[in-house]
Structure formats: C-alpha cells, structure tokens
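This is protein.txt. It holds compact mmCIF, C-alpha atoms.
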# COMPACT_ATOMS: atom_id res chain seq x y z
CA MET A 1 -35.72 105.65 83.92
CA SER A 2 -34.16 106.47 87.25
CA LEU A 3 -32.98 110.03 87.74
CA PRO A 4 -29.39 110.52 88.83
CA THR A 5 -28.91 112.36 92.10
CA LEU A 6 -26.91 115.57 92.07
CA PRO A 7 -24.10 116.23 94.51
CA VAL A 8 -25.28 118.47 97.37
CA THR A 9 -23.32 120.24 100.06
CA HIS A 10 -25.81 119.55 102.87
CA SER A 11 -28.07 116.66 103.82
CA PRO A 12 -31.80 117.42 103.48
CA VAL A 13 -32.01 117.78 107.27
CA GLU A 14 -29.12 120.27 107.34
CA LYS A 15 -30.54 122.18 104.37
CA PHE A 16 -33.97 122.46 106.02
CA ARG A 17 -32.44 123.55 109.34
CA GLU A 18 -30.45 126.21 107.43
CA TYR A 19 -33.65 127.40 105.73
CA LEU A 20 -35.49 127.72 109.05
CA ASN A 21 -32.59 129.70 110.56
CA SER A 22 -32.33 132.03 107.55
CA ARG A 23 -35.91 133.30 107.71
CA SER A 24 -36.52 136.88 108.84
CA THR A 25 -37.81 135.37 112.07
CA PRO A 26 -35.80 132.17 112.62
CA GLN A 27 -37.98 129.18 113.39
CA ARG A 28 -37.43 126.25 115.70
CA PHE A 29 -36.39 122.93 114.14
CA THR A 30 -38.32 120.20 115.94
CA GLU A 31 -37.64 116.50 116.30
CA GLN A 32 -40.87 115.75 114.38
CA GLN A 33 -39.72 117.94 111.48
CA ARG A 34 -36.34 116.16 111.44
CA GLU A 35 -38.04 112.75 111.36
CA LEU A 36 -40.39 113.91 108.62
CA VAL A 37 -37.61 115.33 106.43
CA GLU A 38 -35.58 112.13 106.87
CA HIS A 39 -38.65 110.05 105.99
CA ILE A 40 -39.49 112.10 102.88
CA PHE A 41 -35.94 112.07 101.53
CA ALA A 42 -35.20 108.41 102.34
CA THR A 43 -36.58 107.37 98.93
CA HIS A 44 -37.26 109.26 95.73
CA SER A 45 -40.97 109.06 95.03
CA HIS A 46 -43.97 111.19 94.17
CA PHE A 47 -46.55 111.47 96.95
CA ASP A 48 -49.48 113.49 98.15
CA ALA A 49 -50.06 114.59 101.74
CA ASP A 50 -52.57 111.80 102.45
CA GLN A 51 -50.16 109.13 101.19
CA LEU A 52 -47.41 110.61 103.34
CA ILE A 53 -49.62 110.62 106.44
CA ARG A 54 -50.60 106.95 105.84
CA ASP A 55 -46.93 106.10 105.35
CA ILE A 56 -45.97 107.88 108.57
CA ASP A 57 -48.68 106.00 110.48
CA LYS A 58 -47.36 102.67 109.14
CA SER A 59 -43.83 103.68 110.13
CA LYS A 60 -45.04 104.39 113.67
CA LEU A 61 -43.64 107.92 113.61
CA ASN A 62 -45.34 110.29 116.03
CA ILE A 63 -45.95 113.26 113.70
CA SER A 64 -49.22 115.18 113.68
CA ARG A 65 -51.21 115.88 110.54
CA ALA A 66 -50.77 119.63 111.14
CA THR A 67 -46.98 119.23 111.34
CA VAL A 68 -47.01 117.30 108.06
CA TYR A 69 -48.92 120.04 106.22
CA ARG A 70 -46.86 122.90 107.73
CA THR A 71 -43.57 121.15 107.02
CA LEU A 72 -44.54 120.29 103.43
CA SER A 73 -45.33 123.96 102.82
CA LYS A 74 -41.97 125.00 104.27
CA LEU A 75 -40.10 122.36 102.24
CA VAL A 76 -41.68 123.75 99.06
CA ASP A 77 -40.82 127.31 100.12
CA ALA A 78 -37.23 126.19 100.85
CA GLY A 79 -36.92 124.79 97.31
CA MET A 80 -36.50 121.24 98.55
CA LEU A 81 -39.82 119.89 97.26
CA ARG A 82 -41.89 120.97 94.30
CA THR A 83 -45.58 120.47 93.68
CA MET A 84 -47.49 119.28 90.65
CA GLU A 85 -51.24 119.52 90.26
CA ILE A 86 -52.53 116.23 88.87
CA GLY A 87 -56.28 116.39 88.66
CA ALA A 88 -57.54 117.29 92.12
CA ARG A 89 -54.34 116.04 93.80
CA THR A 90 -51.31 118.07 94.80
CA VAL A 91 -48.33 115.76 94.33
CA TYR A 92 -44.94 116.46 95.87
CA GLU A 93 -41.54 115.42 94.57
CA HIS A 94 -37.94 116.03 95.54
CA ASP A 95 -36.33 119.09 94.04
CA TYR A 96 -33.25 119.23 96.25
CA GLY A 97 -30.55 116.91 94.96
CA TYR A 98 -32.27 116.00 91.69
CA PRO A 99 -31.84 117.40 88.17
CA GLN A 100 -34.46 119.28 86.18
CA HIS A 101 -36.78 116.73 84.61
CA GLU A 102 -40.21 116.35 83.06
CA HIS A 103 -43.17 114.01 83.65
CA LEU A 104 -45.53 111.72 81.77
CA VAL A 105 -48.71 111.08 83.78
CA CYS A 106 -51.12 108.25 83.04
CA GLU A 107 -54.61 109.59 83.57
CA HIS A 108 -55.95 106.05 83.89
CA CYS A 109 -53.75 104.46 86.59
CA GLY A 110 -51.87 107.50 87.93
CA THR A 111 -48.38 106.28 87.02
CA ILE A 112 -45.83 109.09 86.87
CA ILE A 113 -42.84 108.60 84.58
CA GLU A 114 -39.88 110.96 84.90
CA PHE A 115 -37.64 111.77 81.96
CA GLN A 116 -34.90 114.15 80.91
CA LEU A 117 -34.42 115.49 77.41
CA PRO A 118 -31.65 118.05 76.85
CA ALA A 119 -33.38 119.26 73.67
CA ILE A 120 -36.28 120.58 75.78
CA GLU A 121 -33.86 122.54 77.98
CA THR A 122 -32.11 124.00 74.94
CA MET A 123 -35.42 124.95 73.31
CA LEU A 124 -36.66 126.69 76.47
CA GLN A 125 -33.38 128.59 76.86
CA ASN A 126 -33.60 129.77 73.24
CA ILE A 127 -37.21 130.91 73.62
CA ALA A 128 -36.38 132.74 76.86
CA ARG A 129 -33.38 134.45 75.24
CA GLN A 130 -35.53 135.60 72.29
CA HIS A 131 -37.93 137.24 74.74
CA GLN A 132 -35.24 138.49 77.13
CA PHE A 133 -36.87 136.37 79.81
CA GLN A 134 -35.09 135.12 82.94
CA VAL A 135 -36.09 131.48 83.53
CA GLU A 136 -36.31 130.43 87.17
CA GLY A 137 -37.70 126.97 86.57
CA HIS A 138 -40.33 125.09 84.65
CA THR A 139 -42.62 122.09 84.84
CA ILE A 140 -43.69 120.07 81.86
CA LEU A 141 -46.37 117.50 82.56
CA VAL A 142 -47.63 115.38 79.67
CA ARG A 143 -50.97 113.64 80.26
CA GLY A 144 -52.07 110.47 78.54
CA LYS A 145 -52.04 106.68 78.96
CA CYS A 146 -49.11 104.51 79.94
CA TYR A 147 -48.23 101.44 77.89
CA SER A 148 -49.97 99.01 80.29
CA CYS A 149 -53.23 100.94 80.30
CA SER A 150 -53.15 101.34 76.49
CA GLN A 151 -52.56 97.60 76.06
CA ALA A 152 -55.35 96.69 78.49
CA ARG A 153 -57.82 98.91 76.60
CA SER A 154 -56.80 97.39 73.23
CA LYS A 155 -57.33 93.87 74.59
CA ARG A 156 -60.80 94.77 75.92
CA ARG A 157 -61.80 96.13 72.48
CA LEU A 158 -60.57 92.96 70.77
CA ASP A 159 -62.54 90.81 73.23
CA MET A 160 -65.74 92.59 72.13
CA ILE A 161 -65.33 91.63 68.46
What is this structure when it is put down as structure tokens?
Amino acid sequence: MSLPTLPVTHSPVEKFREYLNSRSTPQRFTEQQRELVEHIFATHSHFDADQLIRDIDKSKLNISRATVYRTLSKLVDAGMLRTMEIGARTVYEHDYGYPQHEHLVCEHCGTIIEFQLPAIETMLQNIARQHQFQVEGHTILVRGKCYSCSQARSKRRLDMI
C-alpha cells in the first residue's frame, strides 16, 4: 500500500529553513543541509543514517557524516522526520506531508509495510478521552514475518520431510 501525501503549505526545504529561523537562537541554513533535505524528501522510504550516508556517497553529494547526523536530529526535532527503533537500528521516515500510519516489520528480512486503519485511530481517541489524555502522536509497530519469509520457511520444512 502506498500512503497518500497530504497537502502542505511549504516545501520540505522551506519548512526546515523556517524551523531553523524560529529557534530561540536562529541557525544558519547551509547548502549541504538544503541538499540533504532535498535528497531525503525526494522519495518516501524508511532509512537509517548509514543507509543515507551510503546513498549520499553514491549520489556524489559533498555532505559530511557529522552534517548528516546533526541534520537528521534537527529534522526529527522540527517534526519533519520521525524515528522508529527496530532492533538495534534507528530508522527514519517522513512525517511532514504524510498521514498518520502504522507499520508491520518483518524480523527476518527487515521489510517495513505501512498501513492505515481508521478503526485504530478511533479506538485510540476513545481510550484517550476516557482517561482525559491529550494525544500528541503515536507509533504502532507490529513485529513478525512477511508473507515471503513465511512461505520460504514453510517450503524449507516441507523439503525436510
């Protein structure tokens, strides 16, 4: 399933520049940060910092490892990226311009499947209301095996008989 994009008032570059200017001490917006934000938001995918650095190297962008880590942290702080802990990996995904959604994660091959289910949203709103709780966001991550990995395991078992 492909997630629909949401209409946004600013491009990711403009939104990040606005975030940097709105801090108590405004920060400089560098050319490397602009290139990095454009690169990250060019396609919707899940990635970790090491994957991003390899991708940047392949793309021949001149962005230091330190700039990547600092900018990722700022993008999360700005609400443009969100993190998920999958095993020992910190995985990043777009938050700006995409709807609330959940994840299925295959613990065998690492596939991440995104899905939306309005019933989950309704249930969480009801629970929060019962407890007079103000929801600011949530992450649901379901771990297991994807169809391909389940099928491969079943075939291996049958081969042993």
Nearest to Glu102 (chain A), chosen from A:Val76, A:Met123, A:Ala88, A:Leu3, with all atoms listed in the file counted in the distances
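So, comparing all the options, the nearest one is A:Leu3.
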CA of Ala42 (chain A) and CA of Tyr96 (chain A), how far apart in Å?
12.6 Å
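Counting only C-alpha atoms, the residue from A:Arg82, A:Arg34, A:His94, A:His101 that sits nearest to Glu14 (chain A) is A:Arg34.
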Could you name the residues that touch Cys106 (chain A) at 8 Å or less, counting only C-alpha atoms, but leaving out those on the same chain fewer than 4 positions away, as a PyMOL selection string?
chain A and resi 110-112+143-146
Counting all atoms listed in the file, the residue among A:Asp57, A:Glu136, A:Pro7, A:Tyr92 that lies closest to Ser45 (chain A) is A:Tyr92
Between A:His108, A:His103, A:Arg23, A:Lys15, which is the closest to Thr139 (chain A) once you count all atoms listed in the file?
A:His103
Would you compute the distance between CA of Glu107 (chain A) and CA of Ala152 (chain A)? Give it in Å to one decimal.
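For CA of Glu107 (chain A) relative to CA of Ala152 (chain A), the distance reads 13.9 Å.
Of note, CA of Cys109 (chain A) and CA of Gln151 (chain A) are spaced 12.6 Å apart.
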Compare A:Arg129, A:Val105, A:Glu114, A:Val68 by their minimum atom-to-atom distance to Leu52 (chain A), counting all atoms listed in the file, and give me the closest one.
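Ranked by minimum distance to Leu52 (chain A), first place goes to A:Val68.
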Please identify all polymer residues within 8 Å of region 60-63 of chain A, counting only C-alpha atoms, omitting same-chain residues fewer than 4 positions from it, and present them as a list in words.
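Non-adjacent residues within range: Gln32, Glu35, Leu36, Ile56, Thr67 and Val68 of chain A.
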Best match for closeness to Ile113 (chain A) among A:Asn126, A:Thr83, A:Pro99, A:His46, counting all atoms listed in the file:
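Closest to Ile113 (chain A) of all the choices is A:His46.
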What's the 10 Å shell around Val8 (chain A), counting all atoms listed in the file, without same-chain residues fewer than 2 positions away, as JSON, numbers by chain?
{"A": [5, 6, 10, 11, 12, 15, 96, 97, 98]}
